[in-house]
$ cat run-v6.txt   # compact mmCIF, C-alpha atoms
# COMPACT_ATOMS: atom_id res chain seq x y z
CA MET Z 134 0.00 0.00 0.00
CA ALA Z 135 2.97 2.28 0.53
CA GLY Z 136 3.33 3.46 -3.05
CA VAL Z 137 -0.36 4.00 -3.80
CA ASP Z 138 -1.52 7.62 -4.00
CA LEU Z 139 -5.13 7.19 -2.99
CA TYR Z 140 -6.21 10.56 -4.31
CA GLN Z 141 -4.35 9.99 -7.57
CA SER Z 142 -3.87 13.70 -7.89
CA GLY Z 143 -1.08 13.18 -10.41
CA ALA Z 144 -3.28 11.16 -12.74
CA GLY Z 145 -6.06 13.74 -12.51
CA GLN Z 146 -8.61 11.32 -11.15
CA HIS Z 147 -10.69 12.86 -8.40
CA ARG Z 148 -13.17 10.78 -6.51
CA PRO Z 149 -16.45 12.57 -5.75
CA LEU Z 150 -17.15 14.05 -2.31
CA SER Z 151 -20.61 14.62 -0.89
CA PRO Z 152 -21.51 18.34 -1.12
CA HIS Z 153 -21.03 20.40 2.02
CA LEU Z 154 -20.30 24.10 1.56
CA GLN Z 155 -22.56 24.22 -1.47
CA ILE Z 156 -25.69 23.11 0.33
CA TYR Z 157 -25.57 24.22 3.97
CA ARG Z 158 -26.98 27.55 5.07
CA PRO Z 159 -24.22 29.26 7.04
CA LEU Z 160 -25.20 28.92 10.69
CA LEU Z 161 -23.49 30.77 13.52
CA THR Z 162 -22.22 27.54 15.03
CA MET Z 163 -20.68 26.52 11.70
CA MET Z 164 -19.02 29.91 11.29
CA MET Z 165 -17.71 29.80 14.85
CA SER Z 166 -16.25 26.36 14.25
CA ILE Z 167 -14.22 27.44 11.25
CA ALA Z 168 -13.36 30.73 12.97
CA HIS Z 169 -11.92 28.69 15.83
CA ARG Z 170 -9.67 26.92 13.36
CA ILE Z 171 -8.73 30.10 11.49
CA THR Z 172 -7.92 32.03 14.68
CA GLY Z 173 -5.81 29.08 15.79
CA ALA Z 174 -3.84 29.16 12.55
CA ALA Z 175 -3.49 32.94 12.81
CA LEU Z 176 -2.10 32.61 16.34
CA TYR Z 177 0.26 29.89 15.08
CA PHE Z 178 1.82 32.26 12.56
CA GLY Z 179 1.56 35.17 14.99
CA THR Z 180 4.20 33.52 17.15
CA LEU Z 181 6.68 34.76 14.54
CA LEU Z 182 6.00 38.26 15.83
CA LEU Z 183 6.61 37.14 19.41
CA VAL Z 184 9.89 35.44 18.54
CA TRP Z 185 10.99 38.56 16.66
CA TYR Z 186 10.31 40.76 19.68
CA LEU Z 187 11.97 38.42 22.17
CA ILE Z 188 15.07 37.77 20.08
CA ALA Z 189 15.35 41.49 19.38
CA ALA Z 190 15.16 42.27 23.10
CA ALA Z 191 17.82 39.65 23.79
CA SER Z 192 20.08 40.83 20.98
CA GLY Z 193 20.77 44.54 21.11
CA PRO Z 194 19.36 48.06 21.05
CA SER Z 195 19.28 48.42 17.27
CA SER Z 196 17.38 45.17 16.62
CA PHE Z 197 15.00 46.04 19.45
CA ALA Z 198 14.46 49.47 17.94
CA THR Z 199 13.53 47.91 14.60
CA ALA Z 200 11.08 45.48 16.20
CA ALA Z 201 9.56 48.18 18.39
CA TRP Z 202 9.28 50.52 15.41
CA PHE Z 203 7.36 47.90 13.43
CA LEU Z 204 5.07 47.04 16.33
CA ARG Z 205 4.29 50.73 16.84
CA SER Z 206 3.61 51.35 13.16
CA ILE Z 207 0.06 51.32 11.81
CA LEU Z 208 0.53 47.93 10.18
CA GLY Z 209 2.10 46.57 13.35
CA GLN Z 210 -0.73 47.88 15.49
CA LEU Z 211 -3.30 46.39 13.13
CA ILE Z 212 -1.56 43.02 13.27
CA LEU Z 213 -1.38 43.21 17.08
CA LEU Z 214 -5.06 44.12 17.24
CA GLY Z 215 -5.92 41.16 15.05
CA PHE Z 216 -3.68 38.91 17.09
CA THR Z 217 -5.35 40.05 20.33
CA TRP Z 218 -8.81 39.40 18.93
CA ALA Z 219 -7.71 36.00 17.58
CA LEU Z 220 -6.29 35.12 20.99
CA PHE Z 221 -9.46 36.01 22.91
CA HIS Z 222 -11.78 34.49 20.34
CA HIS Z 223 -9.80 31.25 20.31
CA LEU Z 224 -9.54 31.27 24.12
CA LEU Z 225 -13.28 31.62 24.60
CA GLY Z 226 -13.89 29.09 21.84
CA GLY Z 227 -11.60 26.69 23.65
CA ILE Z 228 -13.64 27.14 26.83
CA ARG Z 229 -16.75 26.44 24.79
CA HIS Z 230 -15.15 23.20 23.58
CA MET Z 231 -14.36 22.29 27.17
CA ILE Z 232 -17.99 22.86 28.13
CA TRP Z 233 -18.90 20.45 25.35
CA ASP Z 234 -16.31 17.96 26.57
CA ALA Z 235 -18.02 18.03 29.94
CA GLY Z 236 -21.25 17.12 28.17
CA TYR Z 237 -23.13 20.40 28.42
CA GLY Z 238 -24.29 22.94 25.91
CA PHE Z 239 -25.42 20.80 22.97
CA ALA Z 240 -29.17 21.43 23.15
CA HIS Z 241 -30.86 24.02 21.01
CA PRO Z 242 -30.99 27.37 22.75
CA VAL Z 243 -27.79 26.84 24.75
CA ARG Z 244 -25.49 26.12 21.82
CA GLU Z 245 -26.57 29.27 20.00
CA TRP Z 246 -26.12 31.29 23.18
CA LEU Z 247 -22.64 29.83 23.71
CA ALA Z 248 -21.64 30.72 20.15
CA GLN Z 249 -22.94 34.26 20.54
CA ALA Z 250 -21.30 34.67 23.94
CA THR Z 251 -17.97 33.49 22.52
CA PHE Z 252 -18.12 35.91 19.63
CA ILE Z 253 -19.29 38.93 21.62
CA GLY Z 254 -16.94 38.06 24.50
CA GLY Z 255 -13.97 37.96 22.16
CA LEU Z 256 -14.75 41.40 20.80
CA PHE Z 257 -15.44 42.72 24.29
CA LEU Z 258 -12.16 41.47 25.77
CA THR Z 259 -10.22 42.83 22.80
CA ILE Z 260 -11.75 46.28 23.26
CA ILE Z 261 -11.10 46.19 27.02
CA VAL Z 262 -7.43 45.25 26.61
CA TRP Z 263 -6.76 47.73 23.83
CA GLY Z 264 -8.63 50.46 25.69
CA ALA Z 265 -6.49 49.75 28.74
CA ALA Z 266 -3.33 49.81 26.61
CA TYR Z 267 -4.16 53.20 25.16
CA LEU Z 268 -5.18 54.60 28.54
CA ILE Z 269 -1.91 53.45 30.13
CA LEU Z 270 0.26 54.92 27.39
CA MET P 168 -15.96 -9.14 40.26
CA ILE P 169 -14.38 -10.33 37.09
CA LYS P 170 -12.17 -7.64 35.54
CA SER P 171 -12.64 -7.44 31.80
CA GLY P 172 -9.74 -6.53 29.59
CA VAL P 173 -6.34 -7.83 28.79
CA SER P 174 -5.49 -9.51 32.06
CA ALA P 175 -8.59 -11.72 31.95
CA LYS P 176 -7.60 -13.34 28.69
CA PRO P 177 -5.41 -16.45 28.44
CA ALA P 178 -1.74 -15.94 27.65
CA SER P 179 -2.13 -17.36 24.15
CA THR P 180 -4.24 -14.41 22.95
CA ARG P 181 -2.66 -11.69 25.09
CA PHE P 182 0.62 -11.51 23.21
CA ALA P 183 -1.07 -11.62 19.83
CA GLU P 184 -3.28 -8.75 20.95
CA ASN P 185 -0.32 -6.64 22.00
CA ARG P 186 1.33 -7.20 18.67
CA LEU P 187 -1.85 -6.26 16.83
CA ARG P 188 -2.43 -3.13 18.91
CA SER P 189 0.75 -1.52 17.71
CA ARG P 190 -0.34 -2.06 14.12
CA THR P 191 -3.77 -0.46 14.30
CA ALA P 192 -4.50 2.96 12.85
CA ALA P 193 -5.06 4.54 16.26
CA LYS P 194 -1.51 5.49 17.08
CA ALA P 195 -1.03 8.88 18.63
CA ALA P 196 -4.53 10.32 18.47
CA THR P 197 -5.42 9.53 22.07
CA SER P 198 -2.29 11.05 23.59
CA GLU P 199 -2.62 14.07 21.30
CA ALA P 200 -6.23 14.59 22.29
CA TRP P 201 -5.16 14.47 25.91
CA TYR P 202 -2.28 16.92 25.42
CA MET P 203 -4.68 19.29 23.67
CA ARG P 204 -6.99 19.28 26.66
CA VAL P 205 -4.22 19.66 29.22
CA THR P 206 -2.53 22.50 27.32
CA SER P 207 -5.90 24.17 26.74
CA ILE P 208 -6.61 24.24 30.45
CA ALA P 209 -3.09 25.47 31.23
CA LEU P 210 -3.36 28.15 28.57
CA ILE P 211 -6.41 29.77 30.16
CA PRO P 212 -4.46 31.35 33.03
CA LEU P 213 -1.22 31.48 31.04
CA SER P 214 -2.77 33.43 28.15
CA ILE P 215 -4.34 35.91 30.54
CA GLY P 216 -0.93 36.28 32.21
CA PHE P 217 0.72 36.63 28.80
CA VAL P 218 -1.65 39.43 27.77
CA TRP P 219 -1.01 41.12 31.11
CA LEU P 220 2.74 40.85 30.50
CA ILE P 221 2.50 42.24 26.98
CA LEU P 222 0.40 45.14 28.31
CA SER P 223 3.07 45.87 30.90
CA LEU P 224 5.76 45.72 28.20
CA SER P 225 4.04 48.01 25.72
CA GLY P 226 5.63 51.41 25.69
CA LYS P 227 8.72 50.22 27.55
CA ASP P 228 12.04 51.10 26.01
CA TYR P 229 14.92 48.70 25.43
CA ALA P 230 16.36 48.73 28.94
CA ALA P 231 13.02 48.58 30.71
CA ALA P 232 11.74 45.74 28.52
CA ARG P 233 14.89 43.69 29.08
CA LEU P 234 14.66 44.27 32.81
CA GLU P 235 11.03 43.23 32.94
CA LEU P 236 11.49 40.08 30.86
CA GLY P 237 14.45 39.04 32.95
CA ARG P 238 12.65 39.15 36.27
CA PRO P 239 11.59 35.74 37.66
CA VAL P 240 7.78 36.00 37.46
CA PRO P 241 7.53 37.37 33.91
CA ALA P 242 10.25 35.02 32.68
CA ILE P 243 8.69 31.90 34.25
CA LEU P 244 5.26 32.95 33.01
CA MET P 245 6.64 33.37 29.50
CA LEU P 246 8.42 30.00 29.64
CA LEU P 247 5.29 28.20 30.81
CA PHE P 248 3.19 29.98 28.21
CA LEU P 249 5.67 28.90 25.55
CA LEU P 250 5.74 25.30 26.74
CA ALA P 251 1.97 24.88 26.75
CA GLY P 252 1.45 27.09 23.71
CA ILE P 253 4.00 25.40 21.47
CA ILE P 254 2.64 21.92 22.21
CA HIS P 255 -0.90 23.20 21.69
CA MET P 256 -0.13 24.93 18.41
CA LYS P 257 1.83 22.01 17.03
CA ILE P 258 -1.01 19.56 17.59
CA GLY P 259 -3.57 22.09 16.36
CA MET P 260 -1.79 22.79 13.11
CA GLN P 261 -1.24 19.05 12.70
CA SER P 262 -5.03 18.54 12.78
CA ILE P 263 -5.43 21.19 10.09
CA ILE P 264 -2.80 19.56 7.89
CA GLU P 265 -4.27 16.10 8.38
CA ASP P 266 -7.70 17.42 7.40
CA TYR P 267 -6.74 19.21 4.21
CA VAL P 268 -3.43 17.94 2.87
CA HIS P 269 -3.55 14.46 1.38
CA ALA P 270 -1.28 14.43 -1.67
CA THR P 271 1.80 12.25 -1.38
CA HIS P 272 4.91 13.95 -0.09
CA TRP P 273 2.97 17.21 0.51
CA LYS P 274 1.33 15.70 3.57
CA GLU P 275 4.55 14.36 5.03
CA GLY P 276 6.39 17.57 4.16
CA ALA P 277 3.72 19.72 5.75
CA LEU P 278 3.64 17.63 8.92
CA MET P 279 7.39 17.79 9.20
CA SER P 280 7.45 21.55 8.53
CA ASN P 281 4.89 21.99 11.28
CA LEU P 282 7.01 20.04 13.74
CA PHE P 283 10.19 21.90 12.80
CA PHE P 284 8.49 25.32 12.88
CA SER P 285 7.03 24.64 16.32
CA ILE P 286 10.35 23.47 17.71
CA LEU P 287 12.20 26.39 16.11
CA ILE P 288 9.82 28.99 17.55
CA GLY P 289 9.94 27.29 20.95
CA VAL P 290 13.70 27.01 21.15
CA ALA P 291 14.24 30.56 19.87
CA CYS P 292 11.81 32.10 22.37
CA VAL P 293 13.14 30.05 25.30
CA TYR P 294 16.69 31.04 24.33
CA ALA P 295 15.73 34.71 24.32
CA VAL P 296 13.98 34.53 27.70
CA LEU P 297 16.87 32.64 29.29
CA LYS P 298 19.39 35.05 27.86
CA LEU P 299 17.43 37.99 29.25
CA SER P 300 17.24 36.27 32.63
CA PHE P 301 20.82 35.19 33.07
CA ALA P 302 22.99 37.32 30.83

$ encode --input "run-v6.txt" --output "structure tokens"
Amino acid sequence: MAGVDLYQSGAGQHRPLSPHLQIYRPLLTMMMSIAHRITGAALYFGTLLLVWYLIAAASGPSSFATAAWFLRSILGQLILLGFTWALFHHLLGGIRHMIWDAGYGFAHPVREWLAQATFIGGLFLTIIVWGAAYLIL
Amino acid sequence: MIKSGVSAKPASTRFAENRLRSRTAAKAATSEAWYMRVTSIALIPLSIGFVWLILSLSGKDYAAARLELGRPVPAILMLLFLLAGIIHMKIGMQSIIEDYVHATHWKEGALMSNLFFSILIGVACVYAVLKLSFA
């Protein structure tokens, strides 16, 4: 079995999949599920920013100045804002998954409420933290 | 009470079972699922602490940032956040790759890149924190 390419992508043969995105009405819970994955991937690549900052701080004043300059720039601030939101959204989504793991929150009104609370909570925490940051500075 | 499971079976089938178990498709999924849950729980307080730390670092100049990151509590917090976070992100990205990348060599390459990237980020960040703490 080792040499067999089951999807035979080289030969151009594609086996049919049952339709999914084409037929489902986008529900909040569906959107939150993929948002959980997307925010996770965004955080994954966002660690590059963290490693840049830390290595710059450990290296010398000029590298730190470059990193700090970028993080203070408009693009840098936008990326940090997005990273903050992704962090809180993914964090609250993770808590939602833990609630599910415990066996709660699957029934009809609760699961919608959990999805809404996660989304609104993520935005709320982002605004709180960024508001605090701008008030401190 | 009779205990069901491996120990209740005669020796003749027990060893065959152990050999078969290592050849089933369920290899690492259980341990990975467990690590995801443990790191998720750890990351709740650690992420909050991390955000707090970043807030305290924002606006600090070179000397002040180095001083702050070198102190015990921020440094240990950062190290713990990195430990839990790197494991969490590696397994998470692995799930994404396993779901979407199937073509030969691309899948293996992507899984390997994920592992290497995670280790690289982890080692680099830990190096920086340790250097700021001890140098």

$ residues_around --input "run-v6.txt" --residues "Phe221 (chain Z)" --least-positions-apart "2" --cutoff "7 Å" --atoms "all atoms listed in the file" --output "ChimeraX atom specification"
/Z:217-219,223-225,255,258-259

$ interface_residues --input "run-v6.txt" --of "chain P" --to "chain Z" --cutoff "10 Å" --atoms "only C-alpha atoms" --output "PyMOL selection string"
chain P and resi 204+207-208+210-211+214-215+218-219+221-223+225-230+232-234+236-237+249+252-253+255-257+259-260+262-263+269-272+281+284-285+287-300+302

$ atom_distance --input "run-v6.txt" --atom1 "CA of His153 (chain Z)" --atom2 "CA of Gly236 (chain Z)"
26.4 Å

$ closest_residue --input "run-v6.txt" --among "P:Ala200, P:Thr206, P:Asp266, P:Pro212" --to "Leu244 (chain P)" --atoms "all atoms listed in the file"
P:Pro212

$ atom_distance --input "run-v6.txt" --atom1 "CA of Leu256 (chain Z)" --atom2 "CA of His222 (chain Z)"
7.5 Å
